[in-house]
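As structure tokens, the structure follows; a few thoughts come after it.
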Amino acid sequence: MDKIRYGIIGFGAQGSSYCNILTGTAAYPGMPVAPIPPHGALGAICDIDPAKREAAAAKFPETPIYADYKEMIASGNVDAVITTVPHYLHHEMAIYAMEHGMHVIGEKPAGVRASDVQKMLDCAAAHPEVKLGIMFNQRTNKLYQKIREIVKSGE
């Protein structure tokens with residue numbers, strides 16, 4: 001596999017940011033553009049909102065657009081998915097994707113309930129052929145590091 005084709009589920013602020021990163025597109029005129037990841041490409045975009053699908057199609061006209069993430073996963077256009085949807089959907093979409101051979105990057109938080117996150121982790125363990133990652137982008141934030149330190153200490 002030369003490049004991993006990512007399917008972005010959710011074309012809101014975070015999902016559109018991933019699309020911009022994967023295509024080397026600026027979010028706003030005059031905004032600096034990060035280099036395109038050498039082993040990644042935008043494979044498809046999915047959103048249930050017709051207005052967001054229309055916006056995605058206008059900005060990324062060469063990219064397949066879907067209303068249903070299950071259809072996108074079955075399309076053959078993606079090798080992995082990135083879930084940028086409401087938190088309570090993260091585990092459901094990740095589990096479906098992994099059960100259908102997709103690698104998954106989930107946005108934080110991993111889920112709303114610990115039991116849902118555990119189901120997602122159990123599914124990942126049952127499917128070692130795919131990778132599951134969670135984008136914990138606040139892990140280097142000093143505030144959260146301090147909270148972790150307090151919790152870890154038992155205080």
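By order of appearance in the structure tokens: chains A, B, ..., then residues from 1 within every chain, and ligands from 1 in the order shown.
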Find the spatial neighbours of Lys119 (chain A), counting only C-alpha atoms, within a cut-off of 9 Å - ignore same-chain residues fewer than 4 positions away - and output them as an NGL selection string.
-> :A and (91 or 95 or 114-115 or 123-124)
Using only all heavy atoms, please write the residues we just selected to a file, as a JSON list (two decimals), in the first residue's frame.
```json
[["chain", "number", "residue", "atom", "x", "y", "z"],
["A", 91, "HIS", "N", -17.53, 5.08, 19.66],
["A", 91, "HIS", "CA", -17.34, 3.63, 19.79],
["A", 91, "HIS", "C", -18.12, 2.85, 18.74],
["A", 91, "HIS", "O", -17.62, 1.89, 18.16],
["A", 91, "HIS", "CB", -17.70, 3.16, 21.21],
["A", 91, "HIS", "CG", -19.16, 3.09, 21.47],
["A", 91, "HIS", "ND1", -19.95, 4.20, 21.65],
["A", 91, "HIS", "CD2", -19.99, 2.02, 21.56],
["A", 91, "HIS", "CE1", -21.20, 3.82, 21.84],
["A", 91, "HIS", "NE2", -21.24, 2.51, 21.80],
["A", 95, "ILE", "N", -16.14, 0.50, 16.14],
["A", 95, "ILE", "CA", -16.38, -0.94, 16.15],
["A", 95, "ILE", "C", -16.82, -1.42, 14.77],
["A", 95, "ILE", "O", -16.30, -2.41, 14.25],
["A", 95, "ILE", "CB", -17.40, -1.32, 17.25],
["A", 95, "ILE", "CG1", -16.76, -1.16, 18.63],
["A", 95, "ILE", "CG2", -17.93, -2.74, 17.05],
["A", 95, "ILE", "CD1", -17.74, -1.24, 19.79],
["A", 114, "ALA", "N", -17.38, 4.52, 30.02],
["A", 114, "ALA", "CA", -16.25, 3.60, 30.08],
["A", 114, "ALA", "C", -16.60, 2.25, 29.45],
["A", 114, "ALA", "O", -15.77, 1.63, 28.78],
["A", 114, "ALA", "CB", -15.79, 3.41, 31.52],
["A", 115, "SER", "N", -17.83, 1.81, 29.61],
["A", 115, "SER", "CA", -18.24, 0.51, 29.05],
["A", 115, "SER", "C", -18.20, 0.53, 27.52],
["A", 115, "SER", "O", -17.84, -0.47, 26.90],
["A", 115, "SER", "CB", -19.64, 0.12, 29.54],
["A", 115, "SER", "OG", -20.60, 1.10, 29.15],
["A", 123, "CYS", "N", -12.97, -4.91, 20.81],
["A", 123, "CYS", "CA", -13.08, -5.15, 19.37],
["A", 123, "CYS", "C", -11.70, -5.03, 18.71],
["A", 123, "CYS", "O", -11.34, -5.84, 17.86],
["A", 123, "CYS", "CB", -14.07, -4.16, 18.74],
["A", 123, "CYS", "SG", -14.31, -4.42, 16.97],
["A", 124, "ALA", "N", -10.94, -4.02, 19.11],
["A", 124, "ALA", "CA", -9.59, -3.85, 18.56],
["A", 124, "ALA", "C", -8.73, -5.07, 18.88],
["A", 124, "ALA", "O", -7.98, -5.55, 18.02],
["A", 124, "ALA", "CB", -8.95, -2.58, 19.11]]
```
Please identify all polymer residues within 8 Å of Tyr96 (chain A), counting only C-alpha atoms, omitting same-chain residues fewer than 4 positions from it, and present them as a VMD selection string.
-> chain A and resid 70 92 100
Find the residue from A:Met98, A:Gln138, A:Ile150, A:Glu107 that sits nearest to Asp122 (chain A); use only C-alpha atoms when measuring.
->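 So, comparing all the options, the nearest one is A:Met98.
Residues in contact with Tyr28 (chain A) at up to 12 Å, not including ones fewer than 3 positions away on its chain and judged by only C-alpha atoms, are Ser16, Ser17, Asn20, Thr25, Met31, Pro32, Val33 and Lys59 of chain A.
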For Asn77 (chain A), which of A:Ala56, A:Cys19, A:Gly43, A:Pro128 is the closest residue, counting only C-alpha atoms?
->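 Looking at the shortest contact to Asn77 (chain A), the residue is A:Gly43.
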Any idea what's packed within 10 Å of region 84-89 of chain A, counting only C-alpha atoms, ignoring anything in its chain fewer than 2 positions away? Could you give it as a list in words?
-> Ile8, Ile9, Gly10, Phe11, Gly12, Ala13, Gln14, Gly15, Ser16, Tyr18, Asp47, Val81, Ile82, His91, Glu92, Met93, Ala94, Ile105, Gly106, Glu107, Lys108, Pro109, Ala110, Gly111, Val112, Arg113 and Asp116 of chain A
Hey, what's within 10 Å of Thr23 (chain A) if we count only C-alpha atoms and toss same-chain stuff fewer than 6 positions away? As a ChimeraX atom specification, please?
-> /A:17,33-37,40-42,60
How would the residues just chosen look if you wrote them out with N, CA, C and O atoms as a JSON list (two decimals), in the first residue's frame?
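result28.json, freshly written:
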```
[["chain", "number", "residue", "atom", "x", "y", "z"],
["A", 17, "SER", "N", -10.63, 20.02, 9.06],
["A", 17, "SER", "CA", -9.20, 20.22, 9.30],
["A", 17, "SER", "C", -8.39, 19.03, 8.82],
["A", 17, "SER", "O", -7.34, 19.19, 8.19],
["A", 33, "VAL", "N", 0.02, 26.45, 5.02],
["A", 33, "VAL", "CA", -0.41, 25.08, 4.79],
["A", 33, "VAL", "C", 0.68, 24.12, 5.23],
["A", 33, "VAL", "O", 1.85, 24.29, 4.86],
["A", 34, "ALA", "N", 0.30, 23.13, 6.03],
["A", 34, "ALA", "CA", 1.26, 22.10, 6.45],
["A", 34, "ALA", "C", 1.55, 21.18, 5.28],
["A", 34, "ALA", "O", 0.71, 21.00, 4.40],
["A", 35, "PRO", "N", 2.74, 20.57, 5.26],
["A", 35, "PRO", "CA", 3.03, 19.62, 4.19],
["A", 35, "PRO", "C", 2.08, 18.42, 4.25],
["A", 35, "PRO", "O", 1.70, 17.98, 5.34],
["A", 36, "ILE", "N", 1.70, 17.92, 3.12],
["A", 36, "ILE", "CA", 0.82, 16.76, 3.05],
["A", 36, "ILE", "C", 1.57, 15.55, 3.61],
["A", 36, "ILE", "O", 2.72, 15.31, 3.23],
["A", 37, "PRO", "N", 0.94, 14.79, 4.50],
["A", 37, "PRO", "CA", 1.61, 13.58, 5.01],
["A", 37, "PRO", "C", 1.99, 12.66, 3.84],
["A", 37, "PRO", "O", 1.15, 12.37, 2.98],
["A", 40, "GLY", "N", -0.28, 9.45, 3.45],
["A", 40, "GLY", "CA", -1.72, 9.58, 3.67],
["A", 40, "GLY", "C", -2.37, 10.36, 2.54],
["A", 40, "GLY", "O", -1.74, 11.21, 1.90],
["A", 41, "ALA", "N", -3.63, 10.05, 2.29],
["A", 41, "ALA", "CA", -4.41, 10.75, 1.26],
["A", 41, "ALA", "C", -5.87, 10.78, 1.69],
["A", 41, "ALA", "O", -6.33, 9.91, 2.44],
["A", 42, "LEU", "N", -6.58, 11.77, 1.21],
["A", 42, "LEU", "CA", -8.01, 11.86, 1.48],
["A", 42, "LEU", "C", -8.73, 10.92, 0.52],
["A", 42, "LEU", "O", -8.65, 11.08, -0.69],
["A", 60, "PHE", "N", -13.72, 19.96, -2.07],
["A", 60, "PHE", "CA", -12.93, 18.79, -2.50],
["A", 60, "PHE", "C", -13.69, 18.05, -3.60],
["A", 60, "PHE", "O", -14.18, 16.94, -3.40]]
```
Report as a ChimeraX atom specification: the residues of region 19-98 of chain A with a DSSP assignment of strand (DSSP E), based on the backbone of this structure.
-> /A:40-46,65-66,80-83
If you measure from CA of Met102 (chain A) to CA of Glu129 (chain A), what distance in Å do you get, rounded to one decimal?
->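 Interatomic distance, CA of Met102 (chain A) to CA of Glu129 (chain A): 9.0 Å.
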How would you write, as a PyMOL selection string, the set of residues in region 55-123 of chain A that DSSP gives as helix (DSSP H, G or I)?
-> chain A and resi 55-59+69-74+87-99+114-123
Point out the residue among A:Ala51, A:Ile147, A:Leu132, A:Ile45 with the least atom-to-atom distance to Ile65 (chain A), counting only C-alpha atoms.
->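 Selected residue with least distance to Ile65 (chain A): A:Ile45.
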Applying 6 Å and only C-alpha atoms, which residues near Ala44 (chain A) remain after dropping the ones on its own chain fewer than 3 positions away? List them as an mmCIF file with N, CA and C atoms, in the first residue's frame.
```cif
data_model
loop_
_atom_site.group_PDB
_atom_site.id
_atom_site.type_symbol
_atom_site.label_atom_id
_atom_site.label_comp_id
_atom_site.auth_asym_id
_atom_site.auth_seq_id
_atom_site.Cartn_x
_atom_site.Cartn_y
_atom_site.Cartn_z
ATOM 1 N N GLY A 7 -10.906 7.970 5.233
ATOM 2 C CA GLY A 7 -12.286 8.417 5.117
ATOM 3 C C GLY A 7 -12.606 9.234 6.350
ATOM 4 N N THR A 63 -13.196 14.280 -4.501
ATOM 5 C CA THR A 63 -13.315 13.318 -3.401
ATOM 6 C C THR A 63 -14.728 12.771 -3.314
ATOM 7 N N PRO A 64 -14.898 11.448 -3.249
ATOM 8 C CA PRO A 64 -16.240 10.887 -3.059
ATOM 9 C C PRO A 64 -16.847 11.358 -1.731
ATOM 10 N N ILE A 65 -18.134 11.673 -1.765
ATOM 11 C CA ILE A 65 -18.850 12.166 -0.593
ATOM 12 C C ILE A 65 -19.980 11.187 -0.281
#
```
